[in-house]
$ cat target-v7.tsv   # TSV, C-alpha atoms and all ligand atoms
chain	number	residue	atom	x	y	z
S	1	MET	CA	-1.19	-16.97	-5.79
S	2	ARG	CA	1.15	-14.28	-4.52
S	3	ARG	CA	1.01	-11.34	-6.93
S	4	LYS	CA	3.73	-8.89	-7.99
S	5	ILE	CA	2.37	-5.40	-7.42
S	6	VAL	CA	3.68	-1.86	-7.83
S	7	ALA	CA	1.49	0.87	-6.39
S	8	GLY	CA	2.04	4.60	-6.83
S	9	ASN	CA	0.89	6.79	-3.96
S	10	TRP	CA	0.65	10.28	-5.40
S	11	LYS	CA	-0.20	11.80	-2.00
S	12	MET	CA	-1.45	15.42	-2.23
S	13	ASN	CA	0.19	16.21	-5.55
S	14	GLY	CA	-1.05	17.21	-8.98
S	15	THR	CA	-3.76	19.24	-10.63
S	16	ARG	CA	-6.30	17.43	-12.80
S	17	GLU	CA	-4.23	18.19	-15.88
S	18	GLU	CA	-1.06	16.80	-14.30
S	19	ALA	CA	-2.87	13.70	-13.05
S	20	LEU	CA	-4.26	12.93	-16.47
S	21	LYS	CA	-0.89	13.49	-18.14
S	22	LEU	CA	0.86	11.16	-15.69
S	23	THR	CA	-1.81	8.48	-16.09
S	24	THR	CA	-1.74	8.66	-19.89
S	25	GLU	CA	2.05	8.41	-19.98
S	26	ILE	CA	2.09	5.43	-17.62
S	27	ARG	CA	-0.68	3.65	-19.54
S	28	ASP	CA	1.02	4.19	-22.89
S	29	MET	CA	4.44	3.04	-21.66
S	30	ILE	CA	2.93	-0.05	-20.07
S	31	THR	CA	0.98	-0.81	-23.22
S	32	SER	CA	4.10	-0.62	-25.38
S	33	GLU	CA	6.74	-1.94	-22.97
S	34	GLY	CA	4.70	-4.40	-20.89
S	35	SER	CA	4.52	-4.73	-17.14
S	36	GLY	CA	6.35	-8.04	-16.83
S	37	GLY	CA	3.27	-9.52	-15.20
S	38	ALA	CA	3.15	-6.97	-12.38
S	39	GLU	CA	-0.15	-5.47	-11.29
S	40	ILE	CA	-0.10	-1.69	-11.25
S	41	ILE	CA	-2.10	0.43	-8.84
S	42	LEU	CA	-2.32	4.21	-9.16
S	43	ALA	CA	-3.48	6.13	-6.07
S	44	PRO	CA	-4.33	9.71	-7.05
S	45	PRO	CA	-6.02	12.22	-4.75
S	46	PHE	CA	-9.79	11.63	-4.35
S	47	VAL	CA	-10.84	14.32	-6.82
S	48	HIS	CA	-8.93	12.73	-9.70
S	49	ILE	CA	-9.98	9.11	-9.15
S	50	ALA	CA	-12.84	9.04	-11.65
S	51	ALA	CA	-10.81	10.66	-14.41
S	52	VAL	CA	-7.73	8.49	-13.75
S	53	ALA	CA	-9.87	5.34	-13.70
S	54	HIS	CA	-11.37	6.33	-17.03
S	55	ILE	CA	-7.95	6.64	-18.68
S	56	ALA	CA	-6.14	3.81	-16.91
S	57	CYS	CA	-8.21	1.19	-18.63
S	58	ALA	CA	-5.28	-0.94	-19.77
S	59	ASP	CA	-5.23	-4.48	-18.44
S	60	GLY	CA	-3.63	-4.78	-15.05
S	61	ILE	CA	-3.79	-1.07	-14.10
S	62	TYR	CA	-6.01	-0.43	-11.08
S	63	VAL	CA	-6.95	2.72	-9.22
S	64	ALA	CA	-6.79	3.18	-5.47
S	65	ALA	CA	-7.93	5.86	-3.08
S	66	GLN	CA	-5.39	7.01	-0.49
S	67	ASN	CA	-7.93	6.78	2.34
S	68	CYS	CA	-11.61	6.17	2.99
S	69	SER	CA	-14.02	6.99	5.78
S	70	SER	CA	-14.57	4.57	8.63
S	71	GLU	CA	-18.28	5.45	8.41
S	72	ALA	CA	-20.76	4.28	5.80
S	73	LYS	CA	-22.59	7.56	5.17
S	74	GLY	CA	-24.18	10.55	6.82
S	75	ALA	CA	-23.18	13.73	8.62
S	76	TYR	CA	-19.38	13.47	8.38
S	77	THR	CA	-18.40	16.69	6.65
S	78	GLY	CA	-15.40	16.31	4.40
S	79	GLU	CA	-15.33	12.51	4.44
S	80	VAL	CA	-15.45	10.15	1.45
S	81	SER	CA	-17.05	6.73	1.82
S	82	ALA	CA	-15.93	3.37	0.47
S	83	ALA	CA	-19.18	3.10	-1.51
S	84	MET	CA	-18.50	6.44	-3.21
S	85	LEU	CA	-14.97	5.37	-4.13
S	86	GLN	CA	-16.17	2.11	-5.56
S	87	SER	CA	-18.82	3.94	-7.58
S	88	VAL	CA	-16.24	6.15	-9.35
S	89	GLY	CA	-13.90	3.32	-10.33
S	90	ALA	CA	-11.55	2.72	-7.40
S	91	THR	CA	-10.73	-0.93	-6.82
S	92	HIS	CA	-8.26	-0.54	-3.94
S	93	VAL	CA	-7.76	1.79	-0.98
S	94	ILE	CA	-4.62	2.56	1.01
S	95	ILE	CA	-5.38	2.30	4.72
S	96	GLY	CA	-3.14	3.07	7.67
S	97	HIS	CA	-0.44	5.03	5.84
S	98	SER	CA	1.95	6.47	8.43
S	99	GLU	CA	1.00	10.01	7.37
S	100	ARG	CA	-2.65	9.25	8.21
S	101	ARG	CA	-1.61	7.65	11.49
S	102	SER	CA	0.57	10.57	12.56
S	103	PHE	CA	-0.95	13.74	11.01
S	104	PHE	CA	-4.59	12.69	11.28
S	105	LYS	CA	-4.33	10.61	14.45
S	106	GLU	CA	-5.86	7.50	12.95
S	107	ASP	CA	-5.71	4.78	15.59
S	108	HIS	CA	-6.08	1.03	15.28
S	109	HIS	CA	-9.83	1.05	16.04
S	110	MET	CA	-10.44	3.48	13.23
S	111	LEU	CA	-8.15	1.55	10.89
S	112	GLU	CA	-9.96	-1.70	11.59
S	113	ARG	CA	-13.28	0.00	10.81
S	114	LYS	CA	-11.86	1.40	7.58
S	115	VAL	CA	-10.62	-2.05	6.53
S	116	ARG	CA	-14.06	-3.56	7.20
S	117	MET	CA	-15.77	-0.72	5.35
S	118	ALA	CA	-13.48	-1.18	2.35
S	119	LEU	CA	-14.01	-4.94	2.23
S	120	ALA	CA	-17.78	-4.52	2.55
S	121	HIS	CA	-17.68	-2.39	-0.60
S	122	HIS	CA	-15.37	-4.68	-2.55
S	123	LEU	CA	-12.33	-2.44	-2.29
S	124	ILE	CA	-9.01	-4.19	-1.66
S	125	PRO	CA	-7.19	-2.60	1.29
S	126	VAL	CA	-3.49	-1.87	0.86
S	127	PHE	CA	-2.73	-1.83	4.57
S	128	CYS	CA	0.43	-0.04	5.72
S	129	ILE	CA	2.55	-0.90	8.71
S	130	GLY	CA	6.01	0.20	9.79
S	131	GLU	CA	8.13	1.37	12.68
S	132	GLN	CA	9.52	4.80	13.57
S	133	LEU	CA	13.27	5.38	13.69
S	134	ASP	CA	13.42	5.25	17.49
S	135	ASP	CA	11.58	1.91	17.44
S	136	ARG	CA	14.23	0.47	15.16
S	137	GLU	CA	17.10	2.00	17.10
S	138	GLY	CA	15.57	0.65	20.29
S	139	GLY	CA	15.21	-2.84	18.78
S	140	ARG	CA	11.40	-2.70	18.93
S	141	HIS	CA	10.72	-2.80	15.18
S	142	PHE	CA	9.36	-6.35	15.12
S	143	SER	CA	7.07	-5.86	18.09
S	144	VAL	CA	5.71	-2.53	16.78
S	145	VAL	CA	4.82	-4.07	13.43
S	146	GLN	CA	3.29	-7.15	15.08
S	147	LYS	CA	1.11	-4.92	17.24
S	148	GLN	CA	-0.08	-2.93	14.21
S	149	LEU	CA	-1.10	-6.19	12.52
S	150	GLU	CA	-2.72	-7.69	15.60
S	151	GLU	CA	-4.69	-4.60	16.52
S	152	SER	CA	-6.22	-3.82	13.15
S	153	LEU	CA	-6.24	-7.01	11.11
S	154	PHE	CA	-6.11	-10.10	13.30
S	155	MET	CA	-9.82	-10.06	14.14
S	156	LEU	CA	-10.75	-10.43	10.48
S	157	GLU	CA	-12.11	-13.68	9.14
S	158	GLU	CA	-9.56	-15.65	7.12
S	159	ALA	CA	-11.44	-15.09	3.85
S	160	ASP	CA	-11.38	-11.33	4.39
S	161	PHE	CA	-7.73	-11.20	5.45
S	162	ALA	CA	-6.81	-13.16	2.33
S	163	LYS	CA	-7.98	-10.21	0.17
S	164	ILE	CA	-5.58	-7.74	1.77
S	165	ILE	CA	-2.30	-6.43	0.37
S	166	LEU	CA	0.25	-5.41	3.02
S	167	ALA	CA	2.82	-2.65	2.66
S	168	TYR	CA	5.78	-2.54	5.03
S	169	GLU	CA	6.96	1.05	5.16
S	170	PRO	CA	9.58	1.91	7.75
S	171	VAL	CA	8.62	5.48	8.66
S	172	TRP	CA	12.28	6.57	8.73
S	173	ALA	CA	12.56	5.66	5.05
S	174	ILE	CA	9.46	7.47	3.77
S	175	GLY	CA	10.35	10.53	1.72
S	176	THR	CA	13.81	10.66	3.30
S	177	GLY	CA	15.88	9.14	0.51
S	178	LYS	CA	17.00	6.53	3.07
S	179	THR	CA	15.91	3.05	1.99
S	180	ALA	CA	15.87	-0.05	4.15
S	181	SER	CA	18.77	-2.23	3.08
S	182	PRO	CA	17.83	-5.42	1.25
S	183	GLU	CA	18.80	-7.34	4.43
S	184	GLN	CA	16.54	-5.19	6.62
S	185	ALA	CA	13.65	-5.44	4.15
S	186	GLN	CA	13.91	-9.22	3.72
S	187	GLU	CA	14.27	-9.77	7.46
S	188	MET	CA	11.13	-7.76	8.22
S	189	HIS	CA	9.05	-9.14	5.35
S	190	HIS	CA	9.95	-12.68	6.38
S	191	HIS	CA	9.09	-11.87	9.97
S	192	ILE	CA	5.71	-10.46	8.92
S	193	ARG	CA	4.92	-13.51	6.80
S	194	THR	CA	5.83	-15.86	9.62
S	195	PHE	CA	3.72	-13.88	12.07
S	196	ILE	CA	0.76	-13.93	9.66
S	197	ALA	CA	1.18	-17.70	9.18
S	198	ARG	CA	0.81	-18.23	12.93
S	199	ARG	CA	-2.58	-16.50	12.92
S	200	PHE	CA	-4.00	-17.31	9.47
S	201	GLY	CA	-2.01	-20.38	8.39
S	202	ASN	CA	0.71	-21.06	5.84
S	203	VAL	CA	-1.44	-20.93	2.73
S	204	ILE	CA	-2.75	-17.43	3.39
S	205	ALA	CA	0.70	-16.21	4.47
S	206	ASP	CA	2.35	-17.67	1.36
S	207	ASN	CA	-0.21	-16.07	-0.93
S	208	LEU	CA	-0.06	-12.66	0.72
S	209	SER	CA	1.59	-9.88	-1.30
S	210	ILE	CA	3.83	-7.77	0.95
S	211	LEU	CA	5.05	-4.56	-0.68
S	212	TYR	CA	8.03	-2.53	0.45
S	213	GLY	CA	7.67	1.26	0.71
S	214	GLY	CA	10.09	4.00	1.68
S	215	SER	CA	12.31	5.79	-0.84
S	216	CYS	CA	11.97	2.97	-3.34
S	217	ASN	CA	13.07	4.21	-6.77
S	218	ASP	CA	14.27	2.94	-10.13
S	219	GLY	CA	17.80	2.65	-8.76
S	220	ASN	CA	17.05	0.32	-5.85
S	221	ALA	CA	13.81	-1.46	-6.86
S	222	ARG	CA	15.58	-4.33	-8.61
S	223	ASP	CA	17.55	-5.33	-5.49
S	224	LEU	CA	14.47	-5.01	-3.27
S	225	PHE	CA	12.09	-6.88	-5.60
S	226	ALA	CA	14.58	-9.73	-5.96
S	227	LEU	CA	14.15	-10.58	-2.28
S	228	PRO	CA	12.10	-13.73	-1.64
S	229	ASP	CA	9.56	-12.06	0.64
S	230	VAL	CA	9.24	-8.70	-1.14
S	231	ASP	CA	6.41	-8.80	-3.67
S	232	GLY	CA	6.60	-5.27	-5.00
S	233	GLY	CA	6.54	-1.70	-3.83
S	234	LEU	CA	4.41	1.17	-2.61
S	235	ILE	CA	6.06	4.14	-4.26
S	236	GLY	CA	5.65	7.76	-3.20
S	237	GLY	CA	7.97	10.38	-4.71
S	238	ALA	CA	9.20	8.25	-7.61
S	239	SER	CA	5.63	7.49	-8.71
S	240	LEU	CA	5.13	11.11	-9.81
S	241	ASN	CA	7.47	10.63	-12.76
S	242	SER	CA	6.09	8.27	-15.39
S	243	ARG	CA	9.49	7.04	-16.60
S	244	SER	CA	10.76	6.29	-13.07
S	245	PHE	CA	7.51	4.60	-12.10
S	246	VAL	CA	7.40	2.38	-15.18
S	247	ASN	CA	11.09	1.51	-14.68
S	248	ILE	CA	10.17	0.40	-11.16
S	249	VAL	CA	7.31	-1.71	-12.53
S	250	LYS	CA	9.82	-3.38	-14.85
S	251	SER	CA	12.29	-4.10	-12.04
S	252	PHE	CA	11.07	-7.61	-11.17
A	1	LIG	P1	8.37	7.60	-0.70
A	1	LIG	O1	6.92	7.35	-0.05
A	1	LIG	O2	8.51	6.59	-1.81
A	1	LIG	O3	8.33	9.00	-1.20
A	1	LIG	O4	9.37	7.39	0.39
A	1	LIG	C1	6.42	6.06	0.13
A	1	LIG	C2	5.05	6.12	0.76
A	1	LIG	O5	4.81	6.99	1.60
A	1	LIG	O6	4.17	5.30	0.44
$ encode --input "target-v7.tsv" --output "structure tokens" --more "lines below"
Ligand code: PGA
Amino acid sequence: MRRKIVAGNWKMNGTREEALKLTTEIRDMITSEGSGGAEIILAPPFVHIAAVAHIACADGIYVAAQNCSSEAKGAYTGEVSAAMLQSVGATHVIIGHSERRSFFKEDHHMLERKVRMALAHHLIPVFCIGEQLDDREGGRHFSVVQKQLEESLFMLEEADFAKIILAYEPVWAIGTGKTASPEQAQEMHHHIRTFIARRFGNVIADNLSILYGGSCNDGNARDLFALPDVDGGLIGGASLNSRSFVNIVKSF
């Protein structure tokens, strides 16, 4: 079944105290106001995962890492493995965020390895794809997104692909306050689902949750989440405020 999901990507923000406050507020609001059946995923920085997982114990609130190593273990100074994340309470991991692709030069080989590593350790990948502004202006947005899917995910077995959550995040909309219009979002999400169906079949494509990300907030989430192929959101800036984030969760 296709699930409604709202994930908060906190990026590199928040001390331990701030992370715990945000988590407690979100948990308490969800407990009293309900989530309308949406799954909630909180993605704090690595160092706060264990503490956030401990607090976010309400039903339907999961904890994600923002990244994981492509290697299993060993001499990789500064890296964090999928097994470690799983052992401290993470259930999901964001892979292929555009900031990882551009600032940390993560290419499709590395992203495929990260996806496999996550799946091998029972973490659900939230895999991000999306075009740059010049790709869209040049009319290449569909082909860029198709290539990102083909290169990192299309070699997976069907059963593994079926576990993945996709996030379409047009890079020009991330952190810019510029959201894709509902028409642009629906057109791309539908395109992605059709492309997935060609490789993995209609059942897997129909059941796949495709989140929209890029300046999604409590003012525009309702219009975006009402679209037939948009199954929720990956929220950056607006996920750092508990009231805004919970309002987004309640926007289905
Ligand atoms: P934003 O970030 O909501 O701040 O645009 C989204 C993301 O990067 O996942």
$ closest_atom_pairs --input "target-v7.tsv" --of "chain S" --to "ligand LIG 1 (chain A)" --cutoff "7 Å" --atoms "only C-alpha atoms and all ligand atoms" --output "Markdown table"
| residue | atom | partner | partner_atom | distance |
| --- | --- | --- | --- | --- |
| S:Asn9 | CA | A:LIG1 | O6 | 5.7 |
| S:Glu169 | CA | A:LIG1 | O6 | 6.9 |
| S:Ala173 | CA | A:LIG1 | O4 | 5.9 |
| S:Ile174 | CA | A:LIG1 | O4 | 3.4 |
| S:Gly175 | CA | A:LIG1 | O4 | 3.5 |
| S:Thr176 | CA | A:LIG1 | O4 | 6.2 |
| S:Gly177 | CA | A:LIG1 | O4 | 6.7 |
| S:Gly213 | CA | A:LIG1 | C1 | 5.0 |
| S:Gly214 | CA | A:LIG1 | O4 | 3.7 |
| S:Ser215 | CA | A:LIG1 | O4 | 3.6 |
| S:Cys216 | CA | A:LIG1 | O2 | 5.2 |
| S:Leu234 | CA | A:LIG1 | O6 | 5.1 |
| S:Ile235 | CA | A:LIG1 | O2 | 4.2 |
| S:Gly236 | CA | A:LIG1 | O2 | 3.4 |
| S:Gly237 | CA | A:LIG1 | O3 | 3.8 |
| S:Ala238 | CA | A:LIG1 | O2 | 6.1 |
$ write_last_selection --input "target-v7.tsv" --atoms "C-alpha atoms" --output "compact mmCIF listing (two decimals), keeping the file's coordinate frame"
# COMPACT_ATOMS: atom_id res chain seq x y z
CA ASN S 9 0.89 6.79 -3.96
CA GLU S 169 6.96 1.05 5.16
CA ALA S 173 12.56 5.66 5.05
CA ILE S 174 9.46 7.47 3.77
CA GLY S 175 10.35 10.53 1.72
CA THR S 176 13.81 10.66 3.30
CA GLY S 177 15.88 9.14 0.51
CA GLY S 213 7.67 1.26 0.71
CA GLY S 214 10.09 4.00 1.68
CA SER S 215 12.31 5.79 -0.84
CA CYS S 216 11.97 2.97 -3.34
CA LEU S 234 4.41 1.17 -2.61
CA ILE S 235 6.06 4.14 -4.26
CA GLY S 236 5.65 7.76 -3.20
CA GLY S 237 7.97 10.38 -4.71
CA ALA S 238 9.20 8.25 -7.61
$ residues_around --input "target-v7.tsv" --residues "region 158-164 of chain S" --least-positions-apart "4" --cutoff "10 Å" --atoms "all atoms listed in the file" --output "list in words"
His92, Val115, Arg116, Leu119, Ala120, His122, Leu123, Ile124, Pro125, Val126, Phe127, Leu153, Phe154, Ile196, Arg199, Phe200, Gly201, Val203, Ile204, Ala205, Asn207, Leu208, Ser209 and Ile210 of chain S
$ atom_distance --input "target-v7.tsv" --atom1 "CA of Ala72 (chain S)" --atom2 "CA of Leu111 (chain S)"
13.9 Å
$ atom_distance --input "target-v7.tsv" --atom1 "CA of Leu22 (chain S)" --atom2 "CA of Glu99 (chain S)"
23.1 Å
$ axis_aligned_box --input "target-v7.tsv" --around "region 140-147 of chain S" --padding-each-side "6 Å" --output "lines of an AutoDock Vina configuration file"
center_x = 6.3
center_y = -4.8
center_z = 16.2
size_x = 22.3
size_y = 16.6
size_z = 17.5
$ closest_residue --input "target-v7.tsv" --among "S:Leu20, S:Ala197, S:Cys68, S:Leu240" --to "Val52 (chain S)" --atoms "all atoms listed in the file"
S:Leu20
$ atom_distance --input "target-v7.tsv" --atom1 "CA of Met188 (chain S)" --atom2 "CA of Ser102 (chain S)"
21.6 Å
$ residues_around --input "target-v7.tsv" --residues "region 136-145 of chain S" --least-positions-apart "5" --cutoff "9 Å" --atoms "all atoms listed in the file" --output "PyMOL selection string"
chain S and resi 129-131+150+168+170+188+191-192
$ closest_residue --input "target-v7.tsv" --among "S:Gly37, S:Gly96, S:Gly78, S:Gly14" --to "Ser239 (chain S)" --atoms "all atoms listed in the file"
S:Gly14
$ residues_around --input "target-v7.tsv" --residues "Ser152 (chain S)" --least-positions-apart "4" --cutoff "7 Å" --atoms "all atoms listed in the file" --output "PyMOL selection string"
chain S and resi 108-109+111-112+148
$ closest_residue --input "target-v7.tsv" --among "S:Ile41, S:Gln146, S:Val93, S:Arg100" --to "Thr194 (chain S)" --atoms "all atoms listed in the file"
S:Gln146
$ closest_residue --input "target-v7.tsv" --among "S:Arg113, S:Ile49, S:Thr23, S:Asp134" --to "Leu156 (chain S)" --atoms "all atoms listed in the file"
S:Arg113
$ closest_residue --input "target-v7.tsv" --among "S:Arg27, S:Ala38, S:Asn13, S:Asp231" --to "Val249 (chain S)" --atoms "only C-alpha atoms"
S:Ala38
$ closest_residue --input "target-v7.tsv" --among "S:Arg198, S:Val246, S:Asn67, S:His121" --to "Thr31 (chain S)" --atoms "all atoms listed in the file"
S:Val246
